[in-house]
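Student: File follows, structure.txt with compact mmCIF, N, CA and C atoms:
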```
# COMPACT_ATOMS: atom_id res chain seq x y z
N MET A 1 7.62 -41.40 19.96
CA MET A 1 7.85 -41.12 18.56
C MET A 1 8.83 -42.16 18.00
N ILE A 2 8.47 -42.70 16.85
CA ILE A 2 9.33 -43.65 16.15
C ILE A 2 9.71 -43.04 14.81
N ARG A 3 10.99 -43.15 14.47
CA ARG A 3 11.46 -42.64 13.19
C ARG A 3 12.74 -43.37 12.79
N TYR A 4 13.12 -43.19 11.54
CA TYR A 4 14.40 -43.72 11.09
C TYR A 4 15.52 -42.90 11.73
N ALA A 5 16.55 -43.59 12.16
CA ALA A 5 17.71 -42.90 12.73
C ALA A 5 18.41 -42.09 11.65
N ASN A 6 19.07 -41.03 12.07
CA ASN A 6 19.88 -40.23 11.16
C ASN A 6 21.26 -40.02 11.77
N ALA A 7 22.13 -39.36 11.06
CA ALA A 7 23.52 -39.17 11.51
C ALA A 7 23.58 -38.50 12.88
N ASP A 8 22.61 -37.66 13.20
CA ASP A 8 22.60 -37.00 14.51
C ASP A 8 22.39 -37.98 15.66
N ASP A 9 21.86 -39.15 15.37
CA ASP A 9 21.61 -40.17 16.40
C ASP A 9 22.81 -41.09 16.62
N PHE A 10 23.81 -40.99 15.76
CA PHE A 10 24.92 -41.93 15.78
C PHE A 10 25.59 -42.03 17.16
N GLU A 11 26.01 -40.93 17.72
CA GLU A 11 26.75 -40.95 19.00
C GLU A 11 25.91 -41.55 20.12
N LEU A 12 24.64 -41.21 20.16
CA LEU A 12 23.75 -41.74 21.19
C LEU A 12 23.59 -43.25 21.03
N LEU A 13 23.36 -43.71 19.82
CA LEU A 13 23.23 -45.14 19.58
C LEU A 13 24.54 -45.86 19.87
N ARG A 14 25.64 -45.26 19.48
CA ARG A 14 26.96 -45.87 19.69
C ARG A 14 27.25 -46.05 21.17
N GLU A 15 26.73 -45.14 21.98
CA GLU A 15 26.92 -45.22 23.43
C GLU A 15 26.29 -46.49 24.01
N TYR A 16 25.15 -46.88 23.47
CA TYR A 16 24.41 -48.03 24.00
C TYR A 16 24.61 -49.32 23.23
N ASP A 17 24.72 -49.24 21.91
CA ASP A 17 24.76 -50.44 21.07
C ASP A 17 26.19 -50.89 20.85
N LYS A 18 26.61 -51.87 21.64
CA LYS A 18 27.98 -52.40 21.56
C LYS A 18 28.07 -53.66 20.70
N HIS A 19 26.96 -54.02 20.04
CA HIS A 19 26.92 -55.24 19.25
C HIS A 19 27.26 -55.01 17.78
N ILE A 20 27.64 -53.81 17.42
CA ILE A 20 27.93 -53.48 16.03
C ILE A 20 29.07 -52.47 16.01
N SER A 21 29.91 -52.55 15.01
CA SER A 21 31.01 -51.59 14.91
C SER A 21 30.45 -50.21 14.53
N GLY A 22 31.20 -49.19 14.84
CA GLY A 22 30.78 -47.83 14.48
C GLY A 22 30.58 -47.67 12.99
N THR A 23 31.46 -48.27 12.21
CA THR A 23 31.35 -48.18 10.75
C THR A 23 30.06 -48.83 10.27
N GLU A 24 29.78 -50.03 10.77
CA GLU A 24 28.57 -50.72 10.36
C GLU A 24 27.31 -50.02 10.86
N LEU A 25 27.38 -49.43 12.04
CA LEU A 25 26.24 -48.69 12.55
C LEU A 25 25.94 -47.50 11.64
N MET A 26 26.97 -46.76 11.25
CA MET A 26 26.75 -45.61 10.36
C MET A 26 26.25 -46.07 8.99
N ASN A 27 26.79 -47.18 8.49
CA ASN A 27 26.28 -47.74 7.23
C ASN A 27 24.81 -48.09 7.34
N SER A 28 24.42 -48.68 8.46
CA SER A 28 23.01 -49.05 8.67
C SER A 28 22.12 -47.82 8.78
N ILE A 29 22.59 -46.80 9.47
CA ILE A 29 21.84 -45.55 9.57
C ILE A 29 21.65 -44.95 8.17
N ASN A 30 22.74 -44.88 7.41
CA ASN A 30 22.67 -44.30 6.07
C ASN A 30 21.76 -45.09 5.14
N ALA A 31 21.67 -46.40 5.35
CA ALA A 31 20.81 -47.25 4.53
C ALA A 31 19.36 -47.28 5.03
N GLN A 32 19.07 -46.50 6.04
CA GLN A 32 17.75 -46.46 6.69
C GLN A 32 17.34 -47.84 7.18
N ARG A 33 18.25 -48.45 7.92
CA ARG A 33 17.99 -49.76 8.50
C ARG A 33 18.09 -49.74 10.03
N VAL A 34 17.87 -48.54 10.59
CA VAL A 34 17.80 -48.39 12.04
C VAL A 34 16.61 -47.51 12.36
N LEU A 35 15.74 -48.01 13.23
CA LEU A 35 14.62 -47.22 13.74
C LEU A 35 14.91 -46.88 15.19
N VAL A 36 14.54 -45.69 15.60
CA VAL A 36 14.72 -45.26 16.98
C VAL A 36 13.36 -44.88 17.56
N MET A 37 13.23 -45.10 18.86
CA MET A 37 12.00 -44.73 19.55
C MET A 37 12.36 -43.80 20.70
N PHE A 38 11.66 -42.66 20.75
CA PHE A 38 11.88 -41.66 21.78
C PHE A 38 10.61 -41.48 22.59
N LEU A 39 10.78 -41.19 23.86
CA LEU A 39 9.68 -40.85 24.75
C LEU A 39 10.10 -39.60 25.51
N ASN A 40 9.27 -38.57 25.41
CA ASN A 40 9.58 -37.28 26.06
C ASN A 40 10.98 -36.78 25.70
N GLY A 41 11.35 -36.97 24.43
CA GLY A 41 12.62 -36.47 23.93
C GLY A 41 13.83 -37.33 24.25
N SER A 42 13.64 -38.46 24.93
CA SER A 42 14.76 -39.34 25.28
C SER A 42 14.67 -40.67 24.54
N LEU A 43 15.82 -41.14 24.09
CA LEU A 43 15.88 -42.44 23.44
C LEU A 43 15.51 -43.52 24.45
N ILE A 44 14.57 -44.39 24.05
CA ILE A 44 14.21 -45.51 24.93
C ILE A 44 14.51 -46.86 24.29
N GLY A 45 14.66 -46.90 22.95
CA GLY A 45 14.96 -48.16 22.29
C GLY A 45 15.22 -47.99 20.81
N TRP A 46 15.66 -49.07 20.18
CA TRP A 46 15.93 -49.03 18.75
C TRP A 46 15.77 -50.42 18.15
N LEU A 47 15.66 -50.44 16.85
CA LEU A 47 15.55 -51.67 16.06
C LEU A 47 16.51 -51.54 14.89
N ARG A 48 17.34 -52.56 14.69
CA ARG A 48 18.24 -52.61 13.54
C ARG A 48 17.87 -53.81 12.70
N PHE A 49 17.98 -53.66 11.38
CA PHE A 49 17.72 -54.79 10.49
C PHE A 49 18.62 -54.72 9.26
N HIS A 50 18.72 -55.84 8.60
CA HIS A 50 19.43 -55.96 7.32
C HIS A 50 18.58 -56.87 6.43
N LEU A 51 19.12 -57.20 5.28
CA LEU A 51 18.39 -58.08 4.37
C LEU A 51 19.09 -59.43 4.30
N PHE A 52 18.39 -60.46 4.75
CA PHE A 52 18.87 -61.83 4.67
C PHE A 52 18.76 -62.28 3.22
N TRP A 53 19.79 -62.88 2.69
CA TRP A 53 19.83 -63.29 1.29
C TRP A 53 19.52 -62.11 0.37
N ASP A 54 19.77 -60.91 0.83
CA ASP A 54 19.59 -59.68 0.06
C ASP A 54 18.14 -59.37 -0.31
N HIS A 55 17.17 -60.10 0.28
CA HIS A 55 15.78 -59.79 -0.07
C HIS A 55 14.73 -60.09 1.01
N ILE A 56 15.16 -60.51 2.19
CA ILE A 56 14.21 -60.74 3.28
C ILE A 56 14.64 -59.89 4.48
N PRO A 57 13.83 -58.94 4.91
CA PRO A 57 14.20 -58.14 6.08
C PRO A 57 14.40 -59.03 7.30
N PHE A 58 15.54 -58.86 7.95
CA PHE A 58 15.92 -59.63 9.12
C PHE A 58 16.21 -58.67 10.26
N MET A 59 15.42 -58.74 11.32
CA MET A 59 15.62 -57.87 12.48
C MET A 59 16.82 -58.38 13.27
N ASN A 60 17.88 -57.60 13.26
CA ASN A 60 19.10 -57.98 13.97
C ASN A 60 19.00 -57.66 15.46
N MET A 61 18.34 -56.57 15.79
CA MET A 61 18.28 -56.17 17.19
C MET A 61 17.03 -55.37 17.45
N LEU A 62 16.36 -55.73 18.53
CA LEU A 62 15.26 -54.95 19.09
C LEU A 62 15.66 -54.77 20.54
N TYR A 63 15.94 -53.55 20.93
CA TYR A 63 16.52 -53.31 22.26
C TYR A 63 15.86 -52.11 22.92
N PHE A 64 15.56 -52.26 24.21
CA PHE A 64 15.02 -51.17 25.00
C PHE A 64 15.84 -51.00 26.26
N LEU A 65 16.02 -49.76 26.67
CA LEU A 65 16.71 -49.48 27.91
C LEU A 65 15.89 -50.10 29.05
N GLU A 66 16.57 -50.49 30.09
CA GLU A 66 15.99 -51.27 31.20
C GLU A 66 14.64 -50.75 31.69
N ASP A 67 14.51 -49.46 31.92
CA ASP A 67 13.29 -48.89 32.49
C ASP A 67 12.08 -48.97 31.55
N TYR A 68 12.30 -49.32 30.30
CA TYR A 68 11.22 -49.30 29.31
C TYR A 68 10.85 -50.68 28.81
N ARG A 69 11.38 -51.70 29.43
CA ARG A 69 11.08 -53.07 29.03
C ARG A 69 9.77 -53.54 29.66
N GLY A 70 9.06 -54.41 28.95
CA GLY A 70 7.84 -55.00 29.47
C GLY A 70 6.66 -54.05 29.54
N LYS A 71 6.72 -52.95 28.77
CA LYS A 71 5.65 -51.95 28.81
C LYS A 71 4.94 -51.77 27.47
N GLY A 72 5.21 -52.68 26.53
CA GLY A 72 4.53 -52.62 25.23
C GLY A 72 5.26 -51.83 24.16
N TYR A 73 6.37 -51.22 24.50
CA TYR A 73 7.11 -50.43 23.50
C TYR A 73 7.73 -51.31 22.42
N GLY A 74 8.18 -52.50 22.80
CA GLY A 74 8.75 -53.42 21.82
C GLY A 74 7.74 -53.81 20.76
N ARG A 75 6.51 -54.08 21.19
CA ARG A 75 5.44 -54.41 20.25
C ARG A 75 5.18 -53.23 19.32
N GLN A 76 5.18 -52.02 19.86
CA GLN A 76 4.94 -50.83 19.04
C GLN A 76 6.03 -50.66 17.98
N LEU A 77 7.27 -50.83 18.39
CA LEU A 77 8.38 -50.63 17.45
C LEU A 77 8.42 -51.74 16.41
N ALA A 78 8.21 -52.98 16.83
CA ALA A 78 8.19 -54.09 15.87
C ALA A 78 7.03 -53.93 14.89
N ASP A 79 5.88 -53.50 15.39
CA ASP A 79 4.71 -53.29 14.52
C ASP A 79 4.99 -52.19 13.50
N PHE A 80 5.62 -51.11 13.92
CA PHE A 80 5.99 -50.02 13.02
C PHE A 80 6.91 -50.56 11.92
N TRP A 81 7.93 -51.33 12.32
CA TRP A 81 8.88 -51.90 11.36
C TRP A 81 8.17 -52.82 10.37
N GLU A 82 7.31 -53.68 10.88
CA GLU A 82 6.59 -54.60 10.00
C GLU A 82 5.74 -53.85 8.98
N LYS A 83 5.08 -52.79 9.40
CA LYS A 83 4.29 -51.97 8.48
C LYS A 83 5.17 -51.29 7.44
N GLU A 84 6.34 -50.84 7.86
CA GLU A 84 7.30 -50.24 6.91
C GLU A 84 7.75 -51.28 5.89
N MET A 85 8.02 -52.49 6.34
CA MET A 85 8.47 -53.54 5.43
C MET A 85 7.35 -53.90 4.45
N LEU A 86 6.13 -53.96 4.93
CA LEU A 86 4.99 -54.23 4.05
C LEU A 86 4.84 -53.12 3.01
N LYS A 87 4.99 -51.87 3.44
CA LYS A 87 4.92 -50.73 2.51
C LYS A 87 5.98 -50.82 1.43
N ASN A 88 7.12 -51.45 1.78
CA ASN A 88 8.22 -51.61 0.83
C ASN A 88 8.14 -52.93 0.08
N ASN A 89 6.94 -53.52 0.07
CA ASN A 89 6.63 -54.72 -0.72
C ASN A 89 7.32 -56.00 -0.27
N TYR A 90 7.66 -56.09 1.01
CA TYR A 90 8.17 -57.34 1.56
C TYR A 90 6.99 -58.12 2.12
N SER A 91 6.95 -59.42 1.88
CA SER A 91 5.82 -60.23 2.34
C SER A 91 6.13 -61.01 3.61
N MET A 92 7.40 -61.05 4.01
CA MET A 92 7.78 -61.74 5.24
C MET A 92 8.98 -61.06 5.85
N VAL A 93 9.15 -61.28 7.15
CA VAL A 93 10.32 -60.79 7.87
C VAL A 93 10.86 -61.93 8.73
N LEU A 94 12.11 -61.83 9.08
CA LEU A 94 12.78 -62.82 9.93
C LEU A 94 13.43 -62.15 11.12
N THR A 95 13.67 -62.93 12.15
CA THR A 95 14.49 -62.51 13.27
C THR A 95 15.04 -63.77 13.92
N SER A 96 15.85 -63.60 14.95
CA SER A 96 16.35 -64.75 15.68
C SER A 96 16.56 -64.36 17.13
N THR A 97 16.63 -65.38 17.97
CA THR A 97 16.91 -65.17 19.39
C THR A 97 17.52 -66.45 19.94
N ARG A 98 18.32 -66.29 20.95
CA ARG A 98 18.92 -67.46 21.58
C ARG A 98 17.86 -68.23 22.35
N SER A 99 18.04 -69.54 22.41
CA SER A 99 17.07 -70.40 23.09
C SER A 99 17.04 -70.16 24.60
N ASP A 100 18.06 -69.52 25.15
CA ASP A 100 18.09 -69.24 26.59
C ASP A 100 17.61 -67.83 26.91
N GLU A 101 17.01 -67.14 25.94
CA GLU A 101 16.50 -65.79 26.15
C GLU A 101 14.97 -65.79 26.13
N GLN A 102 14.39 -64.85 26.86
CA GLN A 102 12.94 -64.71 26.93
C GLN A 102 12.33 -64.15 25.65
N ALA A 103 13.15 -63.54 24.79
CA ALA A 103 12.63 -62.88 23.58
C ALA A 103 11.86 -63.84 22.69
N GLN A 104 12.20 -65.13 22.72
CA GLN A 104 11.49 -66.10 21.87
C GLN A 104 9.99 -66.07 22.15
N PHE A 105 9.59 -65.86 23.39
CA PHE A 105 8.17 -65.83 23.75
C PHE A 105 7.50 -64.56 23.25
N PHE A 106 8.24 -63.45 23.31
CA PHE A 106 7.74 -62.18 22.76
C PHE A 106 7.42 -62.35 21.28
N TYR A 107 8.37 -62.89 20.53
CA TYR A 107 8.16 -63.04 19.09
C TYR A 107 7.01 -63.99 18.78
N ARG A 108 6.98 -65.12 19.45
CA ARG A 108 5.89 -66.08 19.20
C ARG A 108 4.53 -65.47 19.54
N ASN A 109 4.46 -64.71 20.62
CA ASN A 109 3.20 -64.06 21.01
C ASN A 109 2.78 -62.97 20.02
N ASN A 110 3.69 -62.56 19.16
CA ASN A 110 3.41 -61.51 18.20
C ASN A 110 3.42 -62.01 16.76
N GLY A 111 3.10 -63.28 16.59
CA GLY A 111 2.87 -63.82 15.26
C GLY A 111 4.05 -64.44 14.55
N TYR A 112 5.20 -64.50 15.19
CA TYR A 112 6.37 -65.14 14.59
C TYR A 112 6.32 -66.64 14.87
N VAL A 113 6.79 -67.42 13.90
CA VAL A 113 6.82 -68.87 14.06
C VAL A 113 8.25 -69.37 13.83
N ASP A 114 8.60 -70.40 14.55
CA ASP A 114 9.92 -71.00 14.38
C ASP A 114 10.05 -71.54 12.97
N CYS A 115 11.19 -71.31 12.34
CA CYS A 115 11.40 -71.83 10.99
C CYS A 115 12.78 -72.44 10.80
N GLY A 116 13.57 -72.46 11.86
CA GLY A 116 14.90 -73.05 11.75
C GLY A 116 15.74 -72.69 12.96
N ALA A 117 16.99 -73.12 12.90
CA ALA A 117 17.89 -72.86 14.02
C ALA A 117 19.33 -72.90 13.53
N LEU A 118 20.19 -72.33 14.33
CA LEU A 118 21.62 -72.32 14.06
C LEU A 118 22.32 -72.71 15.35
N LEU A 119 23.24 -73.64 15.27
CA LEU A 119 23.97 -74.07 16.44
C LEU A 119 25.45 -73.88 16.18
N LEU A 120 26.02 -72.89 16.86
CA LEU A 120 27.45 -72.64 16.77
C LEU A 120 28.14 -73.30 17.96
N PRO A 121 29.37 -73.76 17.78
CA PRO A 121 30.08 -74.42 18.88
C PRO A 121 30.14 -73.53 20.13
N GLY A 122 29.77 -74.11 21.26
CA GLY A 122 29.86 -73.40 22.53
C GLY A 122 28.79 -72.37 22.78
N GLU A 123 27.81 -72.28 21.90
CA GLU A 123 26.74 -71.28 22.03
C GLU A 123 25.39 -71.97 22.19
N PRO A 124 24.43 -71.30 22.85
CA PRO A 124 23.07 -71.86 22.87
C PRO A 124 22.48 -71.84 21.46
N LEU A 125 21.48 -72.67 21.26
CA LEU A 125 20.78 -72.73 19.98
C LEU A 125 20.21 -71.36 19.63
N GLU A 126 20.43 -70.92 18.42
CA GLU A 126 19.84 -69.67 17.91
C GLU A 126 18.59 -70.05 17.12
N ILE A 127 17.43 -69.59 17.60
CA ILE A 127 16.15 -69.91 16.97
C ILE A 127 15.85 -68.87 15.89
N ILE A 128 15.57 -69.31 14.69
CA ILE A 128 15.18 -68.43 13.60
C ILE A 128 13.67 -68.41 13.53
N LEU A 129 13.09 -67.19 13.48
CA LEU A 129 11.64 -67.04 13.45
C LEU A 129 11.23 -66.21 12.25
N LEU A 130 10.05 -66.51 11.71
CA LEU A 130 9.55 -65.74 10.57
C LEU A 130 8.12 -65.30 10.84
N LYS A 131 7.75 -64.24 10.14
CA LYS A 131 6.38 -63.75 10.20
C LYS A 131 5.99 -63.32 8.79
N TYR A 132 4.84 -63.82 8.33
CA TYR A 132 4.29 -63.35 7.07
C TYR A 132 3.52 -62.06 7.33
N LEU A 133 3.72 -61.08 6.48
CA LEU A 133 3.07 -59.78 6.65
C LEU A 133 1.80 -59.72 5.85
N ARG A 134 0.80 -59.12 6.44
CA ARG A 134 -0.49 -58.96 5.77
C ARG A 134 -0.86 -57.49 5.73
N GLY A 135 -1.45 -57.08 4.61
CA GLY A 135 -1.80 -55.69 4.42
C GLY A 135 -3.11 -55.27 4.98
```
Let's see the structure in the file written out as structure tokens.

Tutor:
Amino acid sequence: MIRYANADDFELLREYDKHISGTELMNSINAQRVLVMFLNGSLIGWLRFHLFWDHIPFMNMLYFLEDYRGKGYGRQLADFWEKEMLKNNYSMVLTSTRSDEQAQFFYRNNGYVDCGALLLPGEPLEIILLKYLRG
């Protein structure tokens, strides 16, 4: 089951998601910018996004617990998000991944194309990817 996170999910998400402050996580939940995926009543993964330049959905995080990786759940959750963004009249979405991570291949295999990069001192190249949405 995939749905938008609500306040009842906060503590569970906070337990796993250490990449965002509690305040920002609650703000994201309240803004309906967090999707959660459950299997047999247990959280298996989530997707967080914001709006780049205030008008392009940008997936900040797509994360699955270890036992649920590589089983197609990421594709299901990303597909759900993309359909939601299309329903909300967005024609493209963005995401990024580090050049030393395997996620770049997942995104490319699912219709995302490289469109830029960010290089911060002492960090691997951050690859920016985009996908045009079709109805």

Student: As an exercise, work out the distance from atom CA of A:Phe52 to atom CA of A:Leu13 in Å and give it to one decimal place.

Tutor: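 Separation between atom CA of A:Phe52 and atom CA of A:Leu13: 22.8 Å.
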
Student: Fewer than 4 positions away in the same chain doesn't count, so skip those; otherwise give me all residues within 9 Å of A:Tyr4, counting only C-alpha atoms, as a list in words.

Tutor: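 Surrounding residues, per the criterion: Ile29, Gln32, Arg33, Val34, Leu35, Val36 and Met37 of chain A.
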
Student: What lies within 8 Å of A:Tyr90 using only C-alpha atoms, ignoring chain neighbours under 3 positions off, as a ChimeraX atom specification?

Tutor: /A:56-57,85-87,93,133

Student: Could you tell me how far atom CA of A:Leu62 sits from atom CA of A:Tyr16, in Å to one decimal place?

Tutor: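 Taking atom CA of A:Tyr16 as the start and atom CA of A:Leu62 as the end point, the length is 12.5 Å.
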
Student: Restricting the calculation to only N, CA and C atoms: of A:Asp17, A:Asp114, A:Glu126, A:Glu24, which residue gets closest to A:Asp100?

Tutor: A:Glu126

Student: Per DSSP on the backbone, filter stretch 48-106 of chain A down to the residues in alpha helix (DSSP H) and report them as a list in words.

Tutor: Tyr73, Gly74, Arg75, Gln76, Leu77, Ala78, Asp79, Phe80, Trp81, Glu82, Lys83, Glu84, Met85, Leu86, Lys87, Ala103, Gln104, Phe105 and Phe106 of chain A

Student: Please provide as a PyMOL selection string all residues within 6 Å of A:Ile128, with the sequence filter that same-chain residues fewer than 5 positions apart are discarded (counting all atoms listed in the file).

Tutor: chain A and resi 95-97+113-118

Student: Next, write the just-selected residues to a file, as a JSON list (two decimals), keeping the file's coordinate frame, keeping N, CA and C atoms as the atom set.

Tutor:
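Writing the result to selection_3.json gives the following:
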```json
[["chain", "number", "residue", "atom", "x", "y", "z"],
["A", 95, "THR", "N", 13.67, -62.93, 12.15],
["A", 95, "THR", "CA", 14.49, -62.51, 13.27],
["A", 95, "THR", "C", 15.04, -63.77, 13.92],
["A", 96, "SER", "N", 15.85, -63.60, 14.95],
["A", 96, "SER", "CA", 16.35, -64.75, 15.68],
["A", 96, "SER", "C", 16.56, -64.36, 17.13],
["A", 97, "THR", "N", 16.63, -65.38, 17.97],
["A", 97, "THR", "CA", 16.91, -65.17, 19.39],
["A", 97, "THR", "C", 17.52, -66.45, 19.94],
["A", 113, "VAL", "N", 6.79, -67.42, 13.90],
["A", 113, "VAL", "CA", 6.82, -68.87, 14.06],
["A", 113, "VAL", "C", 8.25, -69.37, 13.83],
["A", 114, "ASP", "N", 8.60, -70.40, 14.55],
["A", 114, "ASP", "CA", 9.92, -71.00, 14.38],
["A", 114, "ASP", "C", 10.05, -71.54, 12.97],
["A", 115, "CYS", "N", 11.19, -71.31, 12.34],
["A", 115, "CYS", "CA", 11.40, -71.83, 10.99],
["A", 115, "CYS", "C", 12.78, -72.44, 10.80],
["A", 116, "GLY", "N", 13.57, -72.46, 11.86],
["A", 116, "GLY", "CA", 14.90, -73.05, 11.75],
["A", 116, "GLY", "C", 15.74, -72.69, 12.96],
["A", 117, "ALA", "N", 16.99, -73.12, 12.90],
["A", 117, "ALA", "CA", 17.89, -72.86, 14.02],
["A", 117, "ALA", "C", 19.33, -72.90, 13.53],
["A", 118, "LEU", "N", 20.19, -72.33, 14.33],
["A", 118, "LEU", "CA", 21.62, -72.32, 14.06],
["A", 118, "LEU", "C", 22.32, -72.71, 15.35]]
```
